[in-house]
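structure-v2.csv follows (CSV, C-alpha atoms (C1' of nucleotides)):
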chain,number,residue,atom,x,y,z
A,1,MET,CA,16.5,-41.5,11.7
A,2,THR,CA,13.0,-41.6,10.6
A,3,ASP,CA,11.2,-38.3,10.9
A,4,LYS,CA,7.6,-38.3,9.9
A,5,LEU,CA,7.3,-34.6,10.5
A,6,PHE,CA,10.2,-33.5,8.4
A,7,PRO,CA,10.5,-36.4,5.9
A,8,ASP,CA,13.5,-36.6,3.6
A,9,ARG,CA,13.1,-36.9,-0.2
A,10,ARG,CA,13.2,-40.7,-0.1
A,11,HIS,CA,9.9,-41.0,1.7
A,12,ASP,CA,7.1,-42.2,-0.5
A,13,HIS,CA,5.1,-39.1,-0.8
A,14,THR,CA,2.5,-40.7,-3.0
A,15,VAL,CA,1.1,-42.2,0.1
A,16,CYS,CA,0.7,-38.8,1.8
A,17,ARG,CA,-1.0,-37.3,-1.2
A,18,GLN,CA,-3.3,-40.3,-1.9
A,19,GLN,CA,-4.3,-40.4,1.7
A,20,ALA,CA,-5.0,-36.7,1.8
A,21,LEU,CA,-7.2,-36.9,-1.3
A,22,HIS,CA,-9.0,-39.9,0.0
A,23,GLN,CA,-9.7,-38.2,3.3
A,24,ALA,CA,-10.9,-35.1,1.4
A,25,GLU,CA,-13.2,-37.1,-0.8
A,26,ASN,CA,-14.7,-38.9,2.3
A,27,TYR,CA,-15.1,-35.7,4.1
A,28,CYS,CA,-16.8,-33.9,1.3
A,29,HIS,CA,-19.1,-36.8,0.5
A,30,ARG,CA,-20.1,-37.1,4.2
A,31,HIS,CA,-20.9,-33.3,4.3
A,32,GLY,CA,-22.5,-32.9,1.0
A,33,LEU,CA,-19.7,-30.7,-0.4
A,34,ARG,CA,-18.6,-30.6,-4.0
A,35,LEU,CA,-15.0,-31.6,-4.4
A,36,THR,CA,-14.9,-30.5,-8.0
A,37,THR,CA,-12.2,-31.3,-10.5
A,38,LEU,CA,-10.6,-28.0,-9.9
A,39,ARG,CA,-10.7,-28.1,-6.2
A,40,ARG,CA,-9.5,-31.7,-6.2
A,41,ARG,CA,-6.6,-30.7,-8.4
A,42,VAL,CA,-5.7,-27.7,-6.3
A,43,LEU,CA,-5.6,-29.9,-3.2
A,44,GLU,CA,-3.5,-32.4,-5.1
A,45,LEU,CA,-1.0,-29.7,-6.1
A,46,VAL,CA,-0.9,-28.3,-2.5
A,47,TRP,CA,0.0,-31.9,-1.5
A,48,ALA,CA,2.7,-32.1,-4.1
A,49,ASP,CA,5.1,-32.1,-1.2
A,50,HIS,CA,5.4,-31.0,2.4
A,51,GLN,CA,6.4,-27.4,1.5
A,52,PRO,CA,3.8,-24.7,1.7
A,53,VAL,CA,3.0,-23.5,-1.9
A,54,GLY,CA,2.2,-19.9,-3.0
A,55,ALA,CA,-1.1,-19.2,-4.7
A,56,TYR,CA,0.7,-18.0,-7.9
A,57,ASP,CA,2.7,-21.2,-8.0
A,58,LEU,CA,-0.5,-23.1,-8.1
A,59,LEU,CA,-1.9,-20.8,-10.7
A,60,GLU,CA,1.2,-21.3,-12.9
A,61,LYS,CA,0.8,-25.1,-12.6
A,62,LEU,CA,-2.9,-25.0,-13.5
A,63,VAL,CA,-2.2,-22.9,-16.5
A,64,SER,CA,0.7,-25.0,-17.6
A,65,GLU,CA,-1.7,-28.0,-17.5
A,66,GLY,CA,-3.8,-26.2,-20.1
A,67,ARG,CA,-6.6,-25.1,-17.7
A,68,LYS,CA,-8.0,-21.6,-18.1
A,69,ALA,CA,-7.2,-20.1,-14.8
A,70,ALA,CA,-6.7,-16.6,-13.2
A,71,PRO,CA,-5.9,-15.6,-9.7
A,72,PRO,CA,-9.6,-15.9,-8.5
A,73,THR,CA,-9.6,-19.5,-9.8
A,74,VAL,CA,-6.9,-20.4,-7.4
A,75,TYR,CA,-8.0,-18.3,-4.5
A,76,ARG,CA,-11.6,-19.5,-4.6
A,77,SER,CA,-10.4,-23.1,-4.4
A,78,LEU,CA,-8.0,-22.3,-1.6
A,79,ASP,CA,-10.8,-20.6,0.3
A,80,PHE,CA,-13.0,-23.6,-0.1
A,81,LEU,CA,-10.3,-26.0,1.0
A,82,MET,CA,-9.4,-23.8,4.0
A,83,GLN,CA,-13.1,-23.3,5.0
A,84,HIS,CA,-13.4,-27.0,5.3
A,85,GLY,CA,-10.2,-27.6,7.0
A,86,LEU,CA,-8.4,-29.4,4.2
A,87,ILE,CA,-5.5,-27.0,4.0
A,88,HIS,CA,-4.0,-24.3,6.1
A,89,ARG,CA,-2.6,-20.9,5.3
A,90,ILE,CA,0.9,-20.1,6.6
A,91,ALA,CA,0.6,-16.4,7.2
A,92,SER,CA,4.4,-15.8,7.7
A,93,LEU,CA,5.0,-17.2,4.2
A,94,ASN,CA,1.8,-16.2,2.4
A,95,ALA,CA,1.6,-19.9,1.4
A,96,TYR,CA,-0.7,-22.9,1.7
A,97,VAL,CA,-0.1,-26.4,3.0
A,98,GLY,CA,-2.2,-29.5,3.2
A,99,CYS,CA,-3.8,-30.2,6.6
A,100,SER,CA,-2.5,-33.3,8.3
A,101,HIS,CA,-5.6,-34.0,10.3
A,102,PRO,CA,-8.6,-32.9,8.2
A,103,GLY,CA,-12.1,-33.4,9.4
A,104,ARG,CA,-11.4,-32.5,13.0
A,105,ASP,CA,-11.8,-28.9,13.9
A,106,HIS,CA,-8.4,-28.0,15.3
A,107,ALA,CA,-6.0,-25.1,15.9
A,108,ALA,CA,-2.9,-26.0,14.0
A,109,GLN,CA,0.6,-25.2,15.0
A,110,PHE,CA,3.5,-25.3,12.5
A,111,PHE,CA,7.2,-25.8,12.7
A,112,ILE,CA,8.7,-24.4,9.5
A,113,CYS,CA,12.2,-25.2,8.4
A,114,ASP,CA,14.1,-22.4,6.6
A,115,GLY,CA,16.4,-25.0,5.1
A,116,CYS,CA,14.2,-27.5,3.4
A,117,GLY,CA,11.1,-25.3,3.4
A,118,GLN,CA,9.0,-28.0,4.9
A,119,ALA,CA,6.2,-27.2,7.3
A,120,ALA,CA,5.3,-29.7,10.0
A,121,GLU,CA,1.9,-29.5,11.6
A,122,ILE,CA,1.7,-30.4,15.2
A,123,GLY,CA,-1.2,-30.2,17.7
A,124,ASP,CA,0.2,-29.7,21.1
A,125,PRO,CA,-2.6,-29.5,23.7
A,126,SER,CA,-0.3,-27.7,26.1
A,127,ILE,CA,0.1,-24.8,23.7
A,128,ASP,CA,-3.7,-24.8,23.2
A,129,SER,CA,-4.4,-24.8,26.9
A,130,ALA,CA,-1.8,-22.1,27.6
A,131,ILE,CA,-3.5,-19.9,25.1
A,132,ALA,CA,-6.9,-20.8,26.4
A,133,ARG,CA,-5.8,-19.9,29.9
A,134,ASP,CA,-4.4,-16.5,28.8
A,135,ALA,CA,-7.6,-15.8,26.8
A,136,LYS,CA,-9.7,-16.6,29.8
A,137,ALA,CA,-7.7,-14.3,32.0
A,138,LEU,CA,-8.2,-11.5,29.5
A,139,GLY,CA,-11.8,-12.3,28.9
A,140,PHE,CA,-10.8,-12.7,25.3
A,141,SER,CA,-12.9,-14.9,23.0
A,142,VAL,CA,-10.7,-16.8,20.7
A,143,ASP,CA,-11.7,-17.2,17.0
A,144,ARG,CA,-8.6,-18.4,15.3
A,145,GLN,CA,-4.9,-18.9,15.8
A,146,THR,CA,-1.7,-18.4,13.9
A,147,ILE,CA,1.1,-20.4,15.5
A,148,GLU,CA,4.2,-20.6,13.3
A,149,VAL,CA,7.7,-21.4,14.6
A,150,SER,CA,10.5,-20.9,12.1
A,151,GLY,CA,14.0,-22.3,12.3
A,152,THR,CA,15.9,-25.3,11.1
A,153,CYS,CA,14.9,-28.9,11.3
A,154,ALA,CA,17.1,-31.7,12.6
A,155,ARG,CA,18.0,-33.0,9.2
A,156,CYS,CA,19.0,-29.6,7.8
A,157,GLN,CA,21.0,-28.9,10.9
A,158,ALA,CA,22.9,-32.1,10.4
A,159,ALA,CA,23.4,-31.4,6.8
A,160,GLY,CA,24.6,-27.8,7.5
A,161,GLU,CA,27.3,-28.9,9.9
A,162,THR,CA,29.2,-30.4,6.9
B,1,MET,CA,-12.8,-2.7,34.5
B,2,THR,CA,-9.3,-1.5,33.9
B,3,ASP,CA,-7.7,-3.3,31.1
B,4,LYS,CA,-4.2,-2.4,30.3
B,5,LEU,CA,-3.9,-4.8,27.4
B,6,PHE,CA,-7.0,-3.7,25.6
B,7,PRO,CA,-7.4,-0.1,26.8
B,8,ASP,CA,-10.4,2.0,25.9
B,9,ARG,CA,-10.2,5.3,24.2
B,10,ARG,CA,-10.2,7.2,27.4
B,11,HIS,CA,-6.8,6.0,28.4
B,12,ASP,CA,-4.1,8.6,28.1
B,13,HIS,CA,-2.2,7.2,25.2
B,14,THR,CA,0.3,10.0,25.3
B,15,VAL,CA,2.0,8.2,28.1
B,16,CYS,CA,2.3,5.0,26.0
B,17,ARG,CA,3.8,6.8,23.1
B,18,GLN,CA,6.2,9.0,25.1
B,19,GLN,CA,7.4,6.0,27.1
B,20,ALA,CA,8.0,4.0,23.9
B,21,LEU,CA,10.0,6.8,22.3
B,22,HIS,CA,11.9,7.4,25.4
B,23,GLN,CA,12.9,3.7,25.7
B,24,ALA,CA,13.8,3.7,22.0
B,25,GLU,CA,16.1,6.6,22.4
B,26,ASN,CA,17.8,5.0,25.4
B,27,TYR,CA,18.1,1.7,23.6
B,28,CYS,CA,19.6,3.3,20.4
B,29,HIS,CA,21.9,5.5,22.4
B,30,ARG,CA,23.2,2.6,24.5
B,31,HIS,CA,23.8,0.5,21.3
B,32,GLY,CA,25.2,3.2,19.1
B,33,LEU,CA,22.3,3.1,16.7
B,34,ARG,CA,21.0,6.1,14.8
B,35,LEU,CA,17.4,6.8,15.6
B,36,THR,CA,17.1,9.3,12.8
B,37,THR,CA,14.3,11.8,12.4
B,38,LEU,CA,12.6,9.5,10.0
B,39,ARG,CA,12.9,6.4,12.1
B,40,ARG,CA,11.7,8.2,15.2
B,41,ARG,CA,8.7,9.6,13.3
B,42,VAL,CA,7.8,6.2,12.0
B,43,LEU,CA,8.0,4.7,15.4
B,44,GLU,CA,5.9,7.5,16.7
B,45,LEU,CA,3.3,6.9,14.0
B,46,VAL,CA,3.3,3.2,14.8
B,47,TRP,CA,2.6,4.1,18.4
B,48,ALA,CA,-0.2,6.4,17.4
B,49,ASP,CA,-2.5,3.9,19.0
B,50,HIS,CA,-2.6,0.2,20.0
B,51,GLN,CA,-3.8,-1.0,16.6
B,52,PRO,CA,-1.3,-2.4,14.2
B,53,VAL,CA,-0.7,-0.1,11.2
B,54,GLY,CA,-0.2,-0.9,7.6
B,55,ALA,CA,3.0,0.3,5.9
B,56,TYR,CA,1.0,2.2,3.3
B,57,ASP,CA,-1.0,4.0,6.0
B,58,LEU,CA,2.3,5.1,7.5
B,59,LEU,CA,3.5,6.2,4.1
B,60,GLU,CA,0.3,8.2,3.6
B,61,LYS,CA,0.8,10.0,6.9
B,62,LEU,CA,4.5,10.8,6.1
B,63,VAL,CA,3.5,12.2,2.7
B,64,SER,CA,0.7,14.3,4.2
B,65,GLU,CA,3.2,15.8,6.6
B,66,GLY,CA,5.1,17.1,3.6
B,67,ARG,CA,7.9,14.6,3.7
B,68,LYS,CA,9.2,13.1,0.5
B,69,ALA,CA,8.5,9.4,0.9
B,70,ALA,CA,7.9,6.3,-1.1
B,71,PRO,CA,7.4,2.7,-0.1
B,72,PRO,CA,11.1,2.0,0.5
B,73,THR,CA,11.2,4.9,2.9
B,74,VAL,CA,8.7,3.3,5.1
B,75,TYR,CA,9.9,-0.3,4.8
B,76,ARG,CA,13.5,0.6,5.5
B,77,SER,CA,12.5,2.3,8.7
B,78,LEU,CA,10.2,-0.6,9.7
B,79,ASP,CA,13.0,-3.0,9.0
B,80,PHE,CA,15.3,-1.1,11.3
B,81,LEU,CA,12.8,-0.8,14.0
B,82,MET,CA,12.0,-4.5,13.8
B,83,GLN,CA,15.6,-5.5,13.7
B,84,HIS,CA,16.2,-3.8,17.0
B,85,GLY,CA,13.0,-5.1,18.6
B,86,LEU,CA,11.2,-1.8,18.8
B,87,ILE,CA,8.2,-2.9,16.8
B,88,HIS,CA,6.7,-6.2,15.7
B,89,ARG,CA,5.1,-7.3,12.5
B,90,ILE,CA,1.7,-8.9,12.7
B,91,ALA,CA,1.9,-11.5,9.9
B,92,SER,CA,-1.8,-12.2,9.9
B,93,LEU,CA,-2.6,-8.6,9.3
B,94,ASN,CA,0.4,-7.4,7.3
B,95,ALA,CA,0.7,-4.7,9.8
B,96,TYR,CA,3.1,-3.3,12.4
B,97,VAL,CA,2.7,-2.6,16.1
B,98,GLY,CA,4.9,-1.1,18.8
B,99,CYS,CA,6.8,-3.5,21.0
B,100,SER,CA,5.7,-3.3,24.6
B,101,HIS,CA,8.9,-4.6,26.0
B,102,PRO,CA,11.7,-3.3,23.8
B,103,GLY,CA,15.3,-4.0,24.7
B,104,ARG,CA,14.8,-7.5,25.8
B,105,ASP,CA,15.1,-10.2,23.2
B,106,HIS,CA,11.8,-12.0,23.5
B,107,ALA,CA,9.3,-14.0,21.5
B,108,ALA,CA,6.1,-12.0,21.4
B,109,GLN,CA,2.6,-13.4,21.4
B,110,PHE,CA,-0.4,-11.4,20.4
B,111,PHE,CA,-4.1,-11.3,21.1
B,112,ILE,CA,-5.8,-9.4,18.3
B,113,CYS,CA,-9.3,-8.1,18.6
B,114,ASP,CA,-11.4,-8.1,15.4
B,115,GLY,CA,-13.7,-5.6,17.0
B,116,CYS,CA,-11.5,-2.7,18.1
B,117,GLY,CA,-8.5,-3.8,16.1
B,118,GLN,CA,-6.2,-3.6,19.0
B,119,ALA,CA,-3.3,-6.0,19.5
B,120,ALA,CA,-2.2,-6.9,23.0
B,121,GLU,CA,1.3,-8.3,23.4
B,122,ILE,CA,1.8,-10.9,26.1
B,123,GLY,CA,4.7,-12.9,27.0
B,124,ASP,CA,3.5,-16.2,28.5
B,125,PRO,CA,6.4,-18.4,29.5
B,126,SER,CA,4.3,-21.5,29.4
B,127,ILE,CA,3.6,-21.0,25.7
B,128,ASP,CA,7.4,-20.5,25.2
B,129,SER,CA,8.3,-23.5,27.2
B,130,ALA,CA,5.7,-25.7,25.4
B,131,ILE,CA,7.1,-24.6,22.1
B,132,ALA,CA,10.7,-25.2,23.3
B,133,ARG,CA,9.7,-28.6,24.5
B,134,ASP,CA,8.2,-29.5,21.1
B,135,ALA,CA,11.2,-28.1,19.3
B,136,LYS,CA,13.5,-30.2,21.5
B,137,ALA,CA,11.5,-33.3,20.8
B,138,LEU,CA,11.8,-32.7,17.1
B,139,GLY,CA,15.5,-31.6,17.3
B,140,PHE,CA,14.2,-28.4,15.7
B,141,SER,CA,16.3,-25.2,16.2
B,142,VAL,CA,14.0,-22.3,16.7
B,143,ASP,CA,14.8,-19.0,15.1
B,144,ARG,CA,11.6,-16.9,15.4
B,145,GLN,CA,8.0,-17.3,16.2
B,146,THR,CA,4.7,-16.0,15.0
B,147,ILE,CA,2.0,-16.4,17.6
B,148,GLU,CA,-1.2,-14.5,16.8
B,149,VAL,CA,-4.5,-15.2,18.4
B,150,SER,CA,-7.5,-13.5,16.9
B,151,GLY,CA,-10.9,-13.0,18.3
B,152,THR,CA,-12.8,-10.5,20.4
B,153,CYS,CA,-11.6,-8.7,23.5
B,154,ALA,CA,-13.7,-8.4,26.6
B,155,ARG,CA,-14.8,-4.8,26.0
B,156,CYS,CA,-16.0,-5.5,22.5
B,157,GLN,CA,-17.8,-8.6,23.6
B,158,ALA,CA,-19.6,-6.5,26.2
B,159,ALA,CA,-20.4,-3.8,23.7
B,160,GLY,CA,-21.6,-6.3,21.1
B,161,GLU,CA,-24.2,-7.9,23.5
B,162,THR,CA,-26.1,-4.6,23.3
C,1,DA,C1',39.1,21.1,8.5
C,2,DA,C1',39.2,18.2,4.2
C,3,DA,C1',39.0,13.9,2.2
C,4,DA,C1',37.5,9.3,2.5
C,5,DT,C1',34.2,6.1,4.0
C,6,DA,C1',30.0,4.3,5.4
C,7,DT,C1',25.2,4.9,6.3
C,8,DA,C1',20.8,6.5,5.4
C,9,DC,C1',17.5,8.3,2.3
C,10,DG,C1',15.3,9.7,-2.4
C,11,DT,C1',13.5,7.9,-6.7
C,12,DT,C1',11.8,5.0,-10.2
C,13,DA,C1',10.2,0.9,-11.5
C,14,DT,C1',8.3,-3.5,-10.8
C,15,DA,C1',7.3,-7.9,-8.3
C,16,DA,C1',4.2,-10.6,-5.4
C,17,DT,C1',-0.1,-11.3,-3.3
C,18,DG,C1',-5.0,-10.8,-3.1
C,19,DT,C1',-10.0,-9.1,-4.4
C,20,DA,C1',-14.2,-6.9,-6.7
C,21,DA,C1',-17.5,-7.3,-10.1
C,22,DC,C1',-19.9,-9.3,-13.5
C,23,DA,C1',-20.5,-12.8,-17.4
C,24,DT,C1',-20.9,-17.6,-18.3
C,25,DT,C1',-21.2,-22.4,-17.5
C,26,DA,C1',-22.5,-26.6,-15.1
C,27,DC,C1',-24.8,-28.9,-11.7
C,28,DT,C1',-29.3,-29.8,-8.9
C,29,DA,C1',-34.0,-30.4,-8.0
C,30,DT,C1',-38.3,-30.2,-9.1
D,1,DA,C1',-37.2,-29.5,-19.6
D,2,DT,C1',-36.8,-25.6,-16.7
D,3,DA,C1',-35.8,-22.8,-13.1
D,4,DG,C1',-32.7,-22.0,-9.5
D,5,DT,C1',-28.2,-22.4,-7.4
D,6,DA,C1',-23.4,-23.1,-7.2
D,7,DA,C1',-19.1,-22.9,-9.5
D,8,DT,C1',-16.0,-21.1,-12.7
D,9,DG,C1',-14.3,-17.7,-16.4
D,10,DT,C1',-12.8,-13.1,-17.3
D,11,DT,C1',-11.3,-8.4,-16.8
D,12,DA,C1',-9.7,-5.1,-14.1
D,13,DC,C1',-7.6,-3.5,-10.1
D,14,DA,C1',-6.1,-3.1,-5.0
D,15,DT,C1',-2.7,-4.0,-1.6
D,16,DT,C1',1.8,-5.2,0.1
D,17,DA,C1',6.7,-5.4,-0.7
D,18,DT,C1',11.3,-5.2,-3.0
D,19,DA,C1',15.2,-4.3,-6.5
D,20,DA,C1',18.4,-1.2,-8.2
D,21,DC,C1',20.7,2.9,-8.5
D,22,DG,C1',21.5,7.8,-7.4
D,23,DT,C1',22.0,11.4,-3.9
D,24,DA,C1',22.6,13.3,0.5
D,25,DT,C1',24.1,13.1,5.2
D,26,DA,C1',26.7,11.6,8.9
D,27,DT,C1',31.2,9.5,10.7
D,28,DT,C1',35.9,8.5,10.7
D,29,DT,C1',40.5,9.1,9.2
D,30,DT,C1',44.1,11.8,8.0
Re-express the file's structure as structure tokens.
Amino acid sequence: MTDKLFPDRRHDHTVCRQQALHQAENYCHRHGLRLTTLRRRVLELVWADHQPVGAYDLLEKLVSEGRKAAPPTVYRSLDFLMQHGLIHRIASLNAYVGCSHPGRDHAAQFFICDGCGQAAEIGDPSIDSAIARDAKALGFSVDRQTIEVSGTCARCQAAGET
Amino acid sequence: MTDKLFPDRRHDHTVCRQQALHQAENYCHRHGLRLTTLRRRVLELVWADHQPVGAYDLLEKLVSEGRKAAPPTVYRSLDFLMQHGLIHRIASLNAYVGCSHPGRDHAAQFFICDGCGQAAEIGDPSIDSAIARDAKALGFSVDRQTIEVSGTCARCQAAGET
DNA sequence: AAAATATACGTTATAATGTAACATTACTAT
DNA sequence: ATAGTAATGTTACATTATAACGTATATTTT
């Protein structure tokens, strides 16, 4: 079974990371944004795998690479990357994950596996439209959304059944 | 305009609070749970209004009432109340709010106003079913959901337009 | 009712996450 | 080159949450 949303460890993650960096470079270039060495590196670290990463994990990696870094170093980069839709924050985990569809303004929805820790971003229009409908009924003006579904992915279920 | 989900300050909130406490008492009695003085008081404080409250705000109130309390005091009560569906945690705010439909096991969805700070709990089956459909397509087994939509409620929009 | 057990709470210490404020460096544009 | 702006370094601290262990209170068993 090939599962692009919850990939196993065999998948060539270099591709994911490279593509994300490439897209980020394009995006920043087109919009006159400065994807500095630090920001680029933070993005790269966030894309180390498909699991959301904590800010202090990132900090630790930066420091271990010899860079002078403190919490604000990381948080500022994360803020920049979030502002421009290159990463997302997972509120239920206090962690950050690369955006699968950067460039487009979109409300992300996540399925998060408690087993492997991976977060899969989906963009289901029917969730969006249901929320939009409710908002309209309330007269509520939507600014941002946090849609995070936790549970167990297919692979981990299979693995857990022994 | 009467808005039960984003009530104004005139609404008789005593009713909301009383009802919530009453339901909690019933629920705990039926299930053999101990709604101790502390837990009851924490629930009452969470229901002080319709705005999610931070754990340390609760702690401060408990202490100011003369009770000996420390962070674990509050967090343990919050854990109990959450476990039994009497309150919800709002992950995007690190805050807690009374559950509007205790007793039933349900996936809550929230609209949170940046203006007045109030959180309205809704239970839209079409959001649930959209998520269930996506989960099924992924073979994902859902455990819990975090659905939080932030923005501005109708009343605050009206107030803001001057 | 007394002892045994389990549950809840008190207490201290600390972990984990995030921000404010100001100094310094590096880039950009004239 | 120089001034202006944006990014990063640095120190200090705020906020949210939990671990670990002791004490008290309630519940069950005898």
(request) Choose the residue, out of C:DT19, C:DT28, C:DT5, C:DT14, that has the smallest atom-to-atom separation from chain A; count all atoms listed in the file. (result) C:DT19
(request) Counting only C-alpha atoms (C1' of nucleotides), collect the residues of chain C whose closest atom lies at most 12 Å from chain B, and write them out as a list of chain:residue names. (result)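 Here is what falls inside 12 Å: C:DT7, C:DA8, C:DC9, C:DG10, C:DT11, C:DT12, C:DA13, C:DT17.
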When you get a sec, could you note down which chain D residues fall within 12 Å of chain B, using only C-alpha atoms (C1' of nucleotides), as a PDB file with C-alpha atoms (C1' of nucleotides), in the coordinates of the input?
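Result file iface_24.pdb:
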ATOM      1  C1'  DT D  15      -2.700  -4.000  -1.600  1.00  0.00           C
ATOM      2  C1'  DT D  16       1.800  -5.200   0.100  1.00  0.00           C
ATOM      3  C1'  DA D  17       6.700  -5.400  -0.700  1.00  0.00           C
ATOM      4  C1'  DT D  18      11.300  -5.200  -3.000  1.00  0.00           C
ATOM      5  C1'  DA D  19      15.200  -4.300  -6.500  1.00  0.00           C
ATOM      6  C1'  DA D  20      18.400  -1.200  -8.200  1.00  0.00           C
ATOM      7  C1'  DT D  25      24.100  13.100   5.200  1.00  0.00           C
ATOM      8  C1'  DA D  26      26.700  11.600   8.900  1.00  0.00           C
ATOM      9  C1'  DT D  27      31.200   9.500  10.700  1.00  0.00           C
TER      10       DT D  27
END
(request) For chain B, work out the contacting residues on chain A at 9 Å, counting all atoms listed in the file, and write them as an MDAnalysis selection string. (result) chainID A and resid 3 5:6 90:94 111 113 122 124 126:131 134:135 138:155 157
(request) Work out how far apart CA of Arg17 (chain A) and C1' of DA7 (chain D) are and give it in Å to one decimal. (result)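 We find that CA of Arg17 (chain A) and C1' of DA7 (chain D) lie 24.6 Å from each other.
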(message) Could you tell me how far C1' of DT8 (chain D) sits from CA of Leu62 (chain A), in Å to one decimal place?
(response) 13.7 Å
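One distance worth recording is that between CA of Pro102 (chain A) and CA of Gly85 (chain A), which is 5.7 Å.
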Selection: 8 Å around Ala24 (chain A), only C-alpha atoms (C1' of nucleotides), excl. self and same-chain fewer than 2 positions, as a PDB file with C-alpha atoms, keeping the file's coordinate frame:
ATOM      1  CA  ALA A  20      -5.000 -36.700   1.800  1.00  0.00           C
ATOM      2  CA  LEU A  21      -7.200 -36.900  -1.300  1.00  0.00           C
ATOM      3  CA  HIS A  22      -9.000 -39.900   0.000  1.00  0.00           C
ATOM      4  CA  ASN A  26     -14.700 -38.900   2.300  1.00  0.00           C
ATOM      5  CA  TYR A  27     -15.100 -35.700   4.100  1.00  0.00           C
ATOM      6  CA  CYS A  28     -16.800 -33.900   1.300  1.00  0.00           C
ATOM      7  CA  LEU A  35     -15.000 -31.600  -4.400  1.00  0.00           C
ATOM      8  CA  LEU A  86      -8.400 -29.400   4.200  1.00  0.00           C
ATOM      9  CA  PRO A 102      -8.600 -32.900   8.200  1.00  0.00           C
TER      10      PRO A 102
END
